[in-house]
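Chemist: This is the structure I have questions about; it appears just below.
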Amino acid sequence: MMSYDYLIVGSGLFGATFAYFAHQQGKRCLVIDKRPQLGGNVYCENIEGINVHQYGAHIFHTSNKRVWQFVNSLVEFNRYTNSPVANYQGKLYNLPFNMNTFYQMWGVTTPAEAQAKIESQRQEAVAKMQADGVSEPRNLEEQALTLIGRDIYERLIKGYTEKQWGRKCTDLPAFIIKRLPVRLVFDNNYFNDTYQGIPIGGYNQLISSLLEGVETKTNVDFFDDRAHWEGVASKIVFTGELDRFYDYKLGHLDFRTVRFETEVLNEANHQGNAVVNYTEASVPYTRIIEHKHFESFGQAVYDNPKTVISREYSIEWKPGMEPYYPVNDEKNNRLAESYRQLAAQEENVIFGGRLAEYKYYDMAPVIEKVMKMFGE
Ligand code: FAD
Ligand code: UDP
């Protein structure tokens with residue numbers, strides 16, 4: 001008889017949520033993770049009393065009431081609202097593009113004035129395309145110019161996008177920014193979702209609640225002793241890299257990755273906001289995260305005389321680096337599909353999460369997916 005019903009490979013939100021529901025149903029679960037700690041990419045390292053999002057800034061947002069109630073039943077969430085600021089050549093602009101941005105850009109004060117300004121810039125771009133005999137935007141640059149116009153494209157989109165993708169906007173597909181939100185109201189809330197926030201006390205609290213009572217082992221890579229781990233449970237829940245599960249036999253799936261340069265500063269408040277994007281090409285990083293602003297607000301920011309910032313550099317992924325964002329191009333989508341066909345034939349393995357499905361997933365949809373698997 002096997003020792004466990006489920007061996008769960010990976011303690012990120014997919015694995016941890018799966019373990020939570022399986023454990024509630026009385027299943028015997030073992031969770032293993034190759035990292036020294038649990039939690040996958042939502043893990044936070046406490047530095048100088050501040051929860052530092054070690055694998056990238058994470059903001060929980062959803063419109064799914066059941067998911068929101070579920071996570072709040074495990075840990076209370078704070079009122080954090082994501083409202084990034086863009087810095088272009090030392091001048092600041094609010095994001096997403098809204099009346100504040102248009103005022104900062106052009107000095108317009110009413111929605112009608114803003115709309116007229118955007119429309120005249122859009123028309124310029126449309127006229128230029130028509131003169132070139134083109135009817136549909138052929139690339140991201142043309143898409144942006146016909147959606148929002150030259151000023152915003154050049155100051156807030158071009159440099160940021162080219163740094164993030166490591167390619168010219170004229171060489172990137174238009175679909176990446178098919179739906180640029182443009183708001184004719186004074187509203188800096190980046191997300192359209194009904195609910196958002198950060199767990200009070202950080203994401204590690206959420207992971208601890210999900211894994212309470214579940215056996216876990218860290219620093220254990222499934223592939224270091226695959227034969228052994230395949231023998232410990234009736235079923236495997238695999239949340240690691242899909243191509244690695246098949247020993248890369250069809251080829252490597254590509255990712256985009258980020259290098260974080262994290263620094264402790266002897267000042268209480270460095271940039272006054274959690275997220276500041278640097279949208280000009282000459283600044284090498286894409287953005288600076290100041291972690292304390294995710295969890296302390298107003299005057300409370302000054303309770304801690306220190307702060308921690310992370311500069312983010314978007315770099316090309318090579319095997320051995322942290323895989324962050326799947327690359328949604330034709331080559332990788334086709335390869336992922338071939339791997340998925342192999343995965344579909346496995347009777348005793350459940351593949352789930354952003355690595356095993358090779359899918360860009362926000363946190364809430366990962367939790368929602370597991371809840372559905374358990375009929376919640
Ligand atoms: P992961 O969290 O990646 O967990 C997978 C785990 O499996 C890891 O701990 C890994 O060590 C382990 N593992 C892999 N292979 C093995 C192996 N062979 N043996 C043992 N263990 C293994 N979502 C939001 O909703 N809001 C955000 O603001 C947001 N920001 C993000 C920023 C970045 C930079 C990134 C990359 C993602 C962001 N996300 C955000 C998405 C969010 O991180 C994911 O939805 C979530 O982490 C998915 O959980 P997961 O369990 O699928 O994957
Ligand atoms: N974007 C931009 N300027 C910004 C922020 C975002 O042009 O200041 C564009 C850019 O093309 C980026 C896309 O919007 O790839 C999505 O960015 P976001 O940070 O919202 O998403 P993520 O990188 O987390 O997927």
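Lettering and numbering for the structure tokens are positional, with chains as A, B, ... in the shown order, residues counted from 1 in each chain, and ligands counted from 1 in the shown order.
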Between chain A and ligand 1, at 6 Å or less, what are the per-residue closest atom pairs and their distances in Å? Count only C-alpha atoms and all ligand atoms, order by chain and rising residue number, and return it as JSON lines.
Modeler:
{"residue": "A:Val9", "atom": "CA", "partner": "ligand 1", "partner_atom_place_in_ligand_line": "20 (C)", "distance": 5.1}
{"residue": "A:Gly10", "atom": "CA", "partner": "ligand 1", "partner_atom_place_in_ligand_line": "7 (O)", "distance": 3.2}
{"residue": "A:Ser11", "atom": "CA", "partner": "ligand 1", "partner_atom_place_in_ligand_line": "9 (O)", "distance": 5.0}
{"residue": "A:Gly12", "atom": "CA", "partner": "ligand 1", "partner_atom_place_in_ligand_line": "51 (O)", "distance": 3.4}
{"residue": "A:Leu13", "atom": "CA", "partner": "ligand 1", "partner_atom_place_in_ligand_line": "51 (O)", "distance": 4.0}
{"residue": "A:Phe14", "atom": "CA", "partner": "ligand 1", "partner_atom_place_in_ligand_line": "51 (O)", "distance": 3.8}
{"residue": "A:Gly15", "atom": "CA", "partner": "ligand 1", "partner_atom_place_in_ligand_line": "51 (O)", "distance": 5.4}
{"residue": "A:Ile32", "atom": "CA", "partner": "ligand 1", "partner_atom_place_in_ligand_line": "20 (C)", "distance": 5.5}
{"residue": "A:Asp33", "atom": "CA", "partner": "ligand 1", "partner_atom_place_in_ligand_line": "21 (N)", "distance": 3.5}
{"residue": "A:Lys34", "atom": "CA", "partner": "ligand 1", "partner_atom_place_in_ligand_line": "20 (C)", "distance": 4.0}
{"residue": "A:Arg35", "atom": "CA", "partner": "ligand 1", "partner_atom_place_in_ligand_line": "11 (O)", "distance": 4.9}
{"residue": "A:Gly39", "atom": "CA", "partner": "ligand 1", "partner_atom_place_in_ligand_line": "9 (O)", "distance": 5.8}
{"residue": "A:Gly40", "atom": "CA", "partner": "ligand 1", "partner_atom_place_in_ligand_line": "9 (O)", "distance": 3.1}
{"residue": "A:Asn41", "atom": "CA", "partner": "ligand 1", "partner_atom_place_in_ligand_line": "2 (O)", "distance": 3.9}
{"residue": "A:Val42", "atom": "CA", "partner": "ligand 1", "partner_atom_place_in_ligand_line": "47 (O)", "distance": 5.7}
{"residue": "A:Tyr55", "atom": "CA", "partner": "ligand 1", "partner_atom_place_in_ligand_line": "34 (C)", "distance": 5.9}
{"residue": "A:Gly56", "atom": "CA", "partner": "ligand 1", "partner_atom_place_in_ligand_line": "34 (C)", "distance": 4.1}
{"residue": "A:Ala57", "atom": "CA", "partner": "ligand 1", "partner_atom_place_in_ligand_line": "30 (N)", "distance": 5.4}
{"residue": "A:His58", "atom": "CA", "partner": "ligand 1", "partner_atom_place_in_ligand_line": "28 (O)", "distance": 3.5}
{"residue": "A:Ile59", "atom": "CA", "partner": "ligand 1", "partner_atom_place_in_ligand_line": "28 (O)", "distance": 3.8}
{"residue": "A:Phe60", "atom": "CA", "partner": "ligand 1", "partner_atom_place_in_ligand_line": "25 (O)", "distance": 4.8}
{"residue": "A:His61", "atom": "CA", "partner": "ligand 1", "partner_atom_place_in_ligand_line": "25 (O)", "distance": 6.0}
{"residue": "A:Val220", "atom": "CA", "partner": "ligand 1", "partner_atom_place_in_ligand_line": "20 (C)", "distance": 5.7}
{"residue": "A:Asp221", "atom": "CA", "partner": "ligand 1", "partner_atom_place_in_ligand_line": "19 (N)", "distance": 3.6}
{"residue": "A:Phe222", "atom": "CA", "partner": "ligand 1", "partner_atom_place_in_ligand_line": "19 (N)", "distance": 4.0}
{"residue": "A:Phe223", "atom": "CA", "partner": "ligand 1", "partner_atom_place_in_ligand_line": "18 (N)", "distance": 5.4}
{"residue": "A:Thr239", "atom": "CA", "partner": "ligand 1", "partner_atom_place_in_ligand_line": "7 (O)", "distance": 5.3}
{"residue": "A:Gly240", "atom": "CA", "partner": "ligand 1", "partner_atom_place_in_ligand_line": "15 (N)", "distance": 3.5}
{"residue": "A:Glu241", "atom": "CA", "partner": "ligand 1", "partner_atom_place_in_ligand_line": "15 (N)", "distance": 5.9}
{"residue": "A:Tyr324", "atom": "CA", "partner": "ligand 1", "partner_atom_place_in_ligand_line": "36 (C)", "distance": 4.1}
{"residue": "A:Tyr325", "atom": "CA", "partner": "ligand 1", "partner_atom_place_in_ligand_line": "36 (C)", "distance": 5.7}
{"residue": "A:Gly353", "atom": "CA", "partner": "ligand 1", "partner_atom_place_in_ligand_line": "52 (O)", "distance": 3.1}
{"residue": "A:Arg354", "atom": "CA", "partner": "ligand 1", "partner_atom_place_in_ligand_line": "52 (O)", "distance": 4.1}
{"residue": "A:Tyr361", "atom": "CA", "partner": "ligand 1", "partner_atom_place_in_ligand_line": "45 (O)", "distance": 4.4}
{"residue": "A:Asp362", "atom": "CA", "partner": "ligand 1", "partner_atom_place_in_ligand_line": "23 (N)", "distance": 3.5}
{"residue": "A:Met363", "atom": "CA", "partner": "ligand 1", "partner_atom_place_in_ligand_line": "45 (O)", "distance": 3.7}
{"residue": "A:Ala364", "atom": "CA", "partner": "ligand 1", "partner_atom_place_in_ligand_line": "25 (O)", "distance": 5.7}
{"residue": "A:Val366", "atom": "CA", "partner": "ligand 1", "partner_atom_place_in_ligand_line": "45 (O)", "distance": 5.9}
Chemist: Would you list the residues that come within 7 Å of ligand 2? Count only C-alpha atoms and all ligand atoms and give the answer as a list in words.
Modeler: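 With only C-alpha atoms and all ligand atoms and a cut-off of 7 Å, ligand 2 is contacted by Ala86, Leu156, Ile157, Lys158, Tyr160, Thr161, Gln164, Ile176, Ile177, Asn277 and Thr279 of chain A.
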Chemist: Find the residues near Asn46 of chain A: any atom within 12 Å, counting only C-alpha atoms, skip ones fewer than 4 places away on the same chain, and give them as a list in words.
Modeler: Ile50, Asn51, Val52, His53, Gln54, Gly201, Gly202, Tyr203, Asn204, Val264, His291, Lys292, Thr307 and Val308 of chain A
Chemist: Could you write out the selected residues, including C-alpha atoms, as a PDB file, in the first residue's frame?
Modeler:
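And here is the file that came out, out_25.pdb:
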ATOM      1  CA  ILE A  50       9.266  44.328   5.881  1.00  0.00           C
ATOM      2  CA  ASN A  51       7.734  41.500   3.819  1.00  0.00           C
ATOM      3  CA  VAL A  52       9.817  41.494   0.648  1.00  0.00           C
ATOM      4  CA  HIS A  53       8.156  39.798  -2.332  1.00  0.00           C
ATOM      5  CA  GLN A  54      11.230  37.812  -3.276  1.00  0.00           C
ATOM      6  CA  GLY A 201       1.106  39.773   7.751  1.00  0.00           C
ATOM      7  CA  GLY A 202       2.105  38.798   4.197  1.00  0.00           C
ATOM      8  CA  TYR A 203       1.536  35.884   1.837  1.00  0.00           C
ATOM      9  CA  ASN A 204       3.411  33.406   4.044  1.00  0.00           C
ATOM     10  CA  VAL A 264      17.886  48.100   2.160  1.00  0.00           C
ATOM     11  CA  HIS A 291       7.789  46.704  -0.500  1.00  0.00           C
ATOM     12  CA  LYS A 292       6.611  48.402   2.710  1.00  0.00           C
ATOM     13  CA  THR A 307      12.837  50.627   3.653  1.00  0.00           C
ATOM     14  CA  VAL A 308      13.544  47.884   1.097  1.00  0.00           C
TER      15      VAL A 308
END
Chemist: As number ranges by chain, please: all residues of segment 153-308 of chain A that backbone DSSP puts in alpha helix (DSSP H).
Modeler: A: 158-165, 203-210, 226-230, 242-245
Chemist: Identify which of the residues A:Asn72, A:Asp5, A:Gly159, A:Asn273 lies closest to Gln25 of chain A, counting only C-alpha atoms when measuring atom-to-atom distances.
Modeler: A:Asp5
Chemist: So that I can check the surroundings of Asn188 of chain A, please list as a VMD selection string every protein, DNA and RNA residue that reaches within 12 Å of it, counting only C-alpha atoms and ignoring chain neighbours fewer than 4 positions away.
Modeler: chain A and resid 81 to 86 93 to 102 181 to 184 192
Chemist: Write out as a Markdown table the residues of segment 256-309 of chain A that have any atom within 10 Å of an atom of segment 197-200 of chain A, one row each with the nearest atom pair and its distance in Å to one decimal, counting only C-alpha atoms, sorted by chain and then rising number.
Modeler:
| residue | atom | partner | partner_atom | distance |
| --- | --- | --- | --- | --- |
| A:Phe294 | CA | A:Ile198 | CA | 6.8 |
| A:Glu295 | CA | A:Ile198 | CA | 7.1 |
| A:Ser296 | CA | A:Ile200 | CA | 9.8 |
Chemist: Rounded to one decimal place, report the atom CA of Gln271 of chain A-atom CA of Pro323 of chain A distance in Å.
Modeler: 28.7 Å
Chemist: List every residue of segment 227-260 of chain A that has an atom at most 12 Å from any atom of segment 331-345 of chain A, giving for each one its closest atom pair and the distance in Å to one decimal, counting only C-alpha atoms, sorted by chain and then by ascending residue number, as JSON lines.
Modeler:
{"residue": "A:Val237", "atom": "CA", "partner": "A:Ala343", "partner_atom": "CA", "distance": 11.8}
{"residue": "A:Phe238", "atom": "CA", "partner": "A:Ala343", "partner_atom": "CA", "distance": 10.4}
{"residue": "A:Glu241", "atom": "CA", "partner": "A:Tyr339", "partner_atom": "CA", "distance": 10.7}
{"residue": "A:Leu242", "atom": "CA", "partner": "A:Tyr339", "partner_atom": "CA", "distance": 7.1}
{"residue": "A:Asp243", "atom": "CA", "partner": "A:Tyr339", "partner_atom": "CA", "distance": 6.8}
{"residue": "A:Arg244", "atom": "CA", "partner": "A:Tyr339", "partner_atom": "CA", "distance": 10.1}
{"residue": "A:Phe245", "atom": "CA", "partner": "A:Ala343", "partner_atom": "CA", "distance": 9.2}
{"residue": "A:Tyr246", "atom": "CA", "partner": "A:Tyr339", "partner_atom": "CA", "distance": 7.9}
{"residue": "A:Asp247", "atom": "CA", "partner": "A:Tyr339", "partner_atom": "CA", "distance": 10.9}
{"residue": "A:Tyr248", "atom": "CA", "partner": "A:Tyr339", "partner_atom": "CA", "distance": 9.3}
{"residue": "A:Lys249", "atom": "CA", "partner": "A:Tyr339", "partner_atom": "CA", "distance": 9.3}
{"residue": "A:Leu250", "atom": "CA", "partner": "A:Leu335", "partner_atom": "CA", "distance": 7.3}
{"residue": "A:Gly251", "atom": "CA", "partner": "A:Leu335", "partner_atom": "CA", "distance": 7.6}
{"residue": "A:His252", "atom": "CA", "partner": "A:Leu335", "partner_atom": "CA", "distance": 8.3}
{"residue": "A:Leu253", "atom": "CA", "partner": "A:Asn332", "partner_atom": "CA", "distance": 6.0}
{"residue": "A:Asp254", "atom": "CA", "partner": "A:Asn332", "partner_atom": "CA", "distance": 6.7}
{"residue": "A:Phe255", "atom": "CA", "partner": "A:Asn332", "partner_atom": "CA", "distance": 9.2}
{"residue": "A:Arg256", "atom": "CA", "partner": "A:Asn332", "partner_atom": "CA", "distance": 12.0}
Chemist: As a PDB file with N, CA and C atoms, in the first residue's frame, please: every residue in segment 133-349 of chain A that DSSP puts in strand (DSSP E).
Modeler:
ATOM      1  N   TYR A 195     -12.512  43.027  -5.934  1.00  0.00           N
ATOM      2  CA  TYR A 195     -11.771  42.878  -4.677  1.00  0.00           C
ATOM      3  C   TYR A 195     -10.263  42.872  -4.945  1.00  0.00           C
ATOM      4  N   GLN A 196      -9.530  43.523  -4.054  1.00  0.00           N
ATOM      5  CA  GLN A 196      -8.067  43.390  -4.115  1.00  0.00           C
ATOM      6  C   GLN A 196      -7.473  43.694  -2.747  1.00  0.00           C
ATOM      7  N   GLY A 197      -6.238  43.245  -2.550  1.00  0.00           N
ATOM      8  CA  GLY A 197      -5.561  43.492  -1.282  1.00  0.00           C
ATOM      9  C   GLY A 197      -4.363  42.576  -1.139  1.00  0.00           C
ATOM     10  N   GLU A 215       1.720  17.318   5.721  1.00  0.00           N
ATOM     11  CA  GLU A 215       3.154  17.013   5.797  1.00  0.00           C
ATOM     12  C   GLU A 215       3.878  17.677   4.626  1.00  0.00           C
ATOM     13  N   THR A 216       4.989  18.358   4.908  1.00  0.00           N
ATOM     14  CA  THR A 216       5.725  19.053   3.836  1.00  0.00           C
ATOM     15  C   THR A 216       7.232  18.779   3.968  1.00  0.00           C
ATOM     16  N   LYS A 217       7.912  18.820   2.827  1.00  0.00           N
ATOM     17  CA  LYS A 217       9.382  18.699   2.834  1.00  0.00           C
ATOM     18  C   LYS A 217       9.940  19.721   1.851  1.00  0.00           C
ATOM     19  N   ALA A 233       2.966   7.602  -3.546  1.00  0.00           N
ATOM     20  CA  ALA A 233       1.546   8.003  -3.510  1.00  0.00           C
ATOM     21  C   ALA A 233       0.777   7.413  -4.677  1.00  0.00           C
ATOM     22  N   SER A 234      -0.540   7.275  -4.496  1.00  0.00           N
ATOM     23  CA  SER A 234      -1.349   6.730  -5.602  1.00  0.00           C
ATOM     24  C   SER A 234      -1.432   7.724  -6.751  1.00  0.00           C
ATOM     25  N   LYS A 235      -1.441   9.010  -6.404  1.00  0.00           N
ATOM     26  CA  LYS A 235      -1.500  10.025  -7.459  1.00  0.00           C
ATOM     27  C   LYS A 235      -0.480  11.132  -7.194  1.00  0.00           C
ATOM     28  N   ILE A 236      -0.006  11.715  -8.308  1.00  0.00           N
ATOM     29  CA  ILE A 236       0.931  12.833  -8.191  1.00  0.00           C
ATOM     30  C   ILE A 236       0.241  14.100  -8.697  1.00  0.00           C
ATOM     31  N   VAL A 237       0.380  15.169  -7.932  1.00  0.00           N
ATOM     32  CA  VAL A 237      -0.064  16.478  -8.420  1.00  0.00           C
ATOM     33  C   VAL A 237       1.218  17.224  -8.761  1.00  0.00           C
ATOM     34  N   PHE A 238       1.428  17.469 -10.047  1.00  0.00           N
ATOM     35  CA  PHE A 238       2.702  18.045 -10.484  1.00  0.00           C
ATOM     36  C   PHE A 238       2.519  19.507 -10.874  1.00  0.00           C
ATOM     37  N   PHE A 255      10.838  31.033 -21.514  1.00  0.00           N
ATOM     38  CA  PHE A 255      10.206  31.923 -20.538  1.00  0.00           C
ATOM     39  C   PHE A 255      10.847  33.302 -20.635  1.00  0.00           C
ATOM     40  N   ARG A 256      10.180  34.281 -20.038  1.00  0.00           N
ATOM     41  CA  ARG A 256      10.832  35.569 -19.772  1.00  0.00           C
ATOM     42  C   ARG A 256      11.189  35.553 -18.309  1.00  0.00           C
ATOM     43  N   THR A 257      12.305  36.186 -17.981  1.00  0.00           N
ATOM     44  CA  THR A 257      12.655  36.198 -16.568  1.00  0.00           C
ATOM     45  C   THR A 257      12.985  37.621 -16.104  1.00  0.00           C
ATOM     46  N   VAL A 258      13.083  37.770 -14.806  1.00  0.00           N
ATOM     47  CA  VAL A 258      13.330  39.080 -14.206  1.00  0.00           C
ATOM     48  C   VAL A 258      14.478  38.935 -13.226  1.00  0.00           C
ATOM     49  N   ARG A 259      15.409  39.896 -13.246  1.00  0.00           N
ATOM     50  CA  ARG A 259      16.453  39.924 -12.225  1.00  0.00           C
ATOM     51  C   ARG A 259      16.092  41.010 -11.229  1.00  0.00           C
ATOM     52  N   PHE A 260      16.092  40.643  -9.943  1.00  0.00           N
ATOM     53  CA  PHE A 260      15.740  41.608  -8.899  1.00  0.00           C
ATOM     54  C   PHE A 260      17.006  42.082  -8.201  1.00  0.00           C
ATOM     55  N   GLU A 261      17.151  43.399  -8.089  1.00  0.00           N
ATOM     56  CA  GLU A 261      18.278  43.968  -7.362  1.00  0.00           C
ATOM     57  C   GLU A 261      17.680  44.616  -6.110  1.00  0.00           C
ATOM     58  N   THR A 262      17.820  43.905  -4.984  1.00  0.00           N
ATOM     59  CA  THR A 262      17.129  44.351  -3.764  1.00  0.00           C
ATOM     60  C   THR A 262      18.101  45.056  -2.825  1.00  0.00           C
ATOM     61  N   GLU A 263      17.656  46.163  -2.252  1.00  0.00           N
ATOM     62  CA  GLU A 263      18.531  46.998  -1.429  1.00  0.00           C
ATOM     63  C   GLU A 263      17.772  47.501  -0.203  1.00  0.00           C
ATOM     64  N   VAL A 264      18.462  47.494   0.951  1.00  0.00           N
ATOM     65  CA  VAL A 264      17.886  48.100   2.160  1.00  0.00           C
ATOM     66  C   VAL A 264      18.366  49.541   2.210  1.00  0.00           C
ATOM     67  N   LEU A 265      17.463  50.479   2.407  1.00  0.00           N
ATOM     68  CA  LEU A 265      17.850  51.893   2.454  1.00  0.00           C
ATOM     69  C   LEU A 265      17.590  52.462   3.842  1.00  0.00           C
ATOM     70  N   VAL A 275       4.816  50.872  -6.365  1.00  0.00           N
ATOM     71  CA  VAL A 275       5.284  50.572  -7.733  1.00  0.00           C
ATOM     72  C   VAL A 275       5.541  51.862  -8.511  1.00  0.00           C
ATOM     73  N   VAL A 276       6.771  52.040  -8.971  1.00  0.00           N
ATOM     74  CA  VAL A 276       7.066  53.151  -9.899  1.00  0.00           C
ATOM     75  C   VAL A 276       7.717  52.552 -11.151  1.00  0.00           C
ATOM     76  N   ASN A 277       7.062  52.736 -12.284  1.00  0.00           N
ATOM     77  CA  ASN A 277       7.583  52.228 -13.559  1.00  0.00           C
ATOM     78  C   ASN A 277       8.495  53.282 -14.182  1.00  0.00           C
ATOM     79  N   TYR A 278       9.592  52.836 -14.751  1.00  0.00           N
ATOM     80  CA  TYR A 278      10.492  53.756 -15.470  1.00  0.00           C
ATOM     81  C   TYR A 278      10.307  53.508 -16.953  1.00  0.00           C
ATOM     82  N   ARG A 287      11.117  48.777 -13.420  1.00  0.00           N
ATOM     83  CA  ARG A 287      10.390  49.429 -12.332  1.00  0.00           C
ATOM     84  C   ARG A 287      11.104  49.241 -11.010  1.00  0.00           C
ATOM     85  N   ILE A 288      10.710  50.061 -10.019  1.00  0.00           N
ATOM     86  CA  ILE A 288      11.212  49.892  -8.652  1.00  0.00           C
ATOM     87  C   ILE A 288      10.022  49.614  -7.753  1.00  0.00           C
ATOM     88  N   ILE A 289      10.144  48.519  -6.990  1.00  0.00           N
ATOM     89  CA  ILE A 289       9.118  48.159  -6.008  1.00  0.00           C
ATOM     90  C   ILE A 289       9.624  48.599  -4.636  1.00  0.00           C
ATOM     91  N   GLU A 290       8.817  49.315  -3.882  1.00  0.00           N
ATOM     92  CA  GLU A 290       9.154  49.629  -2.476  1.00  0.00           C
ATOM     93  C   GLU A 290       8.155  48.844  -1.615  1.00  0.00           C
ATOM     94  N   THR A 307      13.715  51.113   4.712  1.00  0.00           N
ATOM     95  CA  THR A 307      12.837  50.627   3.653  1.00  0.00           C
ATOM     96  C   THR A 307      13.620  49.669   2.761  1.00  0.00           C
ATOM     97  N   VAL A 308      12.900  48.839   2.011  1.00  0.00           N
ATOM     98  CA  VAL A 308      13.544  47.884   1.097  1.00  0.00           C
ATOM     99  C   VAL A 308      12.976  48.104  -0.296  1.00  0.00           C
ATOM    100  N   ILE A 309      13.882  48.256  -1.266  1.00  0.00           N
ATOM    101  CA  ILE A 309      13.420  48.429  -2.653  1.00  0.00           C
ATOM    102  C   ILE A 309      13.996  47.321  -3.534  1.00  0.00           C
ATOM    103  N   SER A 310      13.292  46.995  -4.608  1.00  0.00           N
ATOM    104  CA  SER A 310      13.815  46.058  -5.615  1.00  0.00           C
ATOM    105  C   SER A 310      13.709  46.695  -6.987  1.00  0.00           C
ATOM    106  N   ARG A 311      14.857  46.793  -7.666  1.00  0.00           N
ATOM    107  CA  ARG A 311      14.829  47.223  -9.069  1.00  0.00           C
ATOM    108  C   ARG A 311      14.643  45.974  -9.910  1.00  0.00           C
ATOM    109  N   GLU A 312      13.782  46.057 -10.904  1.00  0.00           N
ATOM    110  CA  GLU A 312      13.501  44.879 -11.741  1.00  0.00           C
ATOM    111  C   GLU A 312      14.104  45.062 -13.135  1.00  0.00           C
ATOM    112  N   TYR A 313      14.911  44.091 -13.524  1.00  0.00           N
ATOM    113  CA  TYR A 313      15.504  44.094 -14.862  1.00  0.00           C
ATOM    114  C   TYR A 313      14.907  42.920 -15.622  1.00  0.00           C
ATOM    115  N   SER A 314      14.312  43.205 -16.739  1.00  0.00           N
ATOM    116  CA  SER A 314      13.716  42.134 -17.537  1.00  0.00           C
ATOM    117  C   SER A 314      14.811  41.547 -18.423  1.00  0.00           C
ATOM    118  N   ILE A 315      15.063  40.252 -18.288  1.00  0.00           N
ATOM    119  CA  ILE A 315      16.139  39.668 -19.099  1.00  0.00           C
ATOM    120  C   ILE A 315      15.675  38.396 -19.803  1.00  0.00           C
ATOM    121  N   GLU A 316      16.433  38.057 -20.836  1.00  0.00           N
ATOM    122  CA  GLU A 316      16.097  36.863 -21.613  1.00  0.00           C
ATOM    123  C   GLU A 316      16.383  35.620 -20.767  1.00  0.00           C
ATOM    124  N   TYR A 325       7.627  34.234 -16.862  1.00  0.00           N
ATOM    125  CA  TYR A 325       6.452  34.388 -17.731  1.00  0.00           C
ATOM    126  C   TYR A 325       6.572  33.475 -18.951  1.00  0.00           C
ATOM    127  N   PRO A 326       5.527  32.664 -19.230  1.00  0.00           N
ATOM    128  CA  PRO A 326       5.563  31.887 -20.470  1.00  0.00           C
ATOM    129  C   PRO A 326       5.594  32.824 -21.678  1.00  0.00           C
ATOM    130  N   VAL A 349      -1.308  11.277 -12.885  1.00  0.00           N
ATOM    131  CA  VAL A 349      -0.663  12.572 -12.640  1.00  0.00           C
ATOM    132  C   VAL A 349      -1.627  13.694 -12.998  1.00  0.00           C
TER     133      VAL A 349
END
Chemist: What is the distance, in Å and to one decimal place, between atom CA of Gln130 of chain A and atom CA of Ala174 of chain A?
Modeler: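 Calculated distance between atom CA of Gln130 of chain A and atom CA of Ala174 of chain A is 17.1 Å.
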Chemist: Which residues, written as a CSV table (one decimal) with C-alpha atoms, in the first residue's frame, have at least one atom at most 12 Å from Arg66 of chain A, with only C-alpha atoms counted and residues fewer than 2 positions away on the same chain left out?
Modeler:
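Output saved as out_1.csv:
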chain,number,residue,atom,x,y,z
A,62,THR,CA,-10.4,39.0,-8.2
A,63,SER,CA,-14.1,39.6,-9.0
A,64,ASN,CA,-14.9,36.1,-7.8
A,68,TRP,CA,-12.3,36.2,-2.1
A,69,GLN,CA,-14.3,34.8,0.8
A,70,PHE,CA,-12.2,31.6,0.8
A,71,VAL,CA,-8.9,33.4,1.0
A,72,ASN,CA,-10.3,35.8,3.6
A,73,SER,CA,-11.5,32.8,5.7
A,195,TYR,CA,-11.8,42.9,-4.7
A,364,ALA,CA,-7.0,34.0,-8.0
A,365,PRO,CA,-7.6,31.9,-11.1
A,367,ILE,CA,-7.2,29.1,-6.5
A,368,GLU,CA,-10.5,29.1,-8.4
A,369,LYS,CA,-9.3,26.2,-10.6
A,371,MET,CA,-11.8,25.0,-5.9
A,372,LYS,CA,-13.6,23.8,-8.9
A,376,GLU,CA,-16.3,24.0,-4.1
Chemist: Could you check the closest approach to Asp171 of chain A for each of A:Gln115, A:Thr17, A:Asn139, A:Gln104 and tell me which residue wins, using only C-alpha atoms?
Modeler: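 Comparing A:Gln115, A:Thr17, A:Asn139, A:Gln104 against Asp171 of chain A, the winner is A:Asn139.
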Chemist: Quick one: residues within 10 Å of Val126 of chain A, only C-alpha atoms, excluding same-chain residues fewer than 5 positions away - as a list of chain:residue names?
Modeler: A:Ser120, A:Gln121, A:Ala131, A:Asp132, A:Val134, A:Ser135, A:Glu136, A:Pro137, A:Glu142, A:Gln143, A:Leu145, A:Thr146, A:Leu147, A:Gly149
Chemist: Mind giving me the straight-line distance from atom CA of Ala114 of chain A to atom CA of Phe186 of chain A in Å, one decimal?
Modeler: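 Computing the Euclidean distance for atom CA of Ala114 of chain A and atom CA of Phe186 of chain A yields 11.7 Å.
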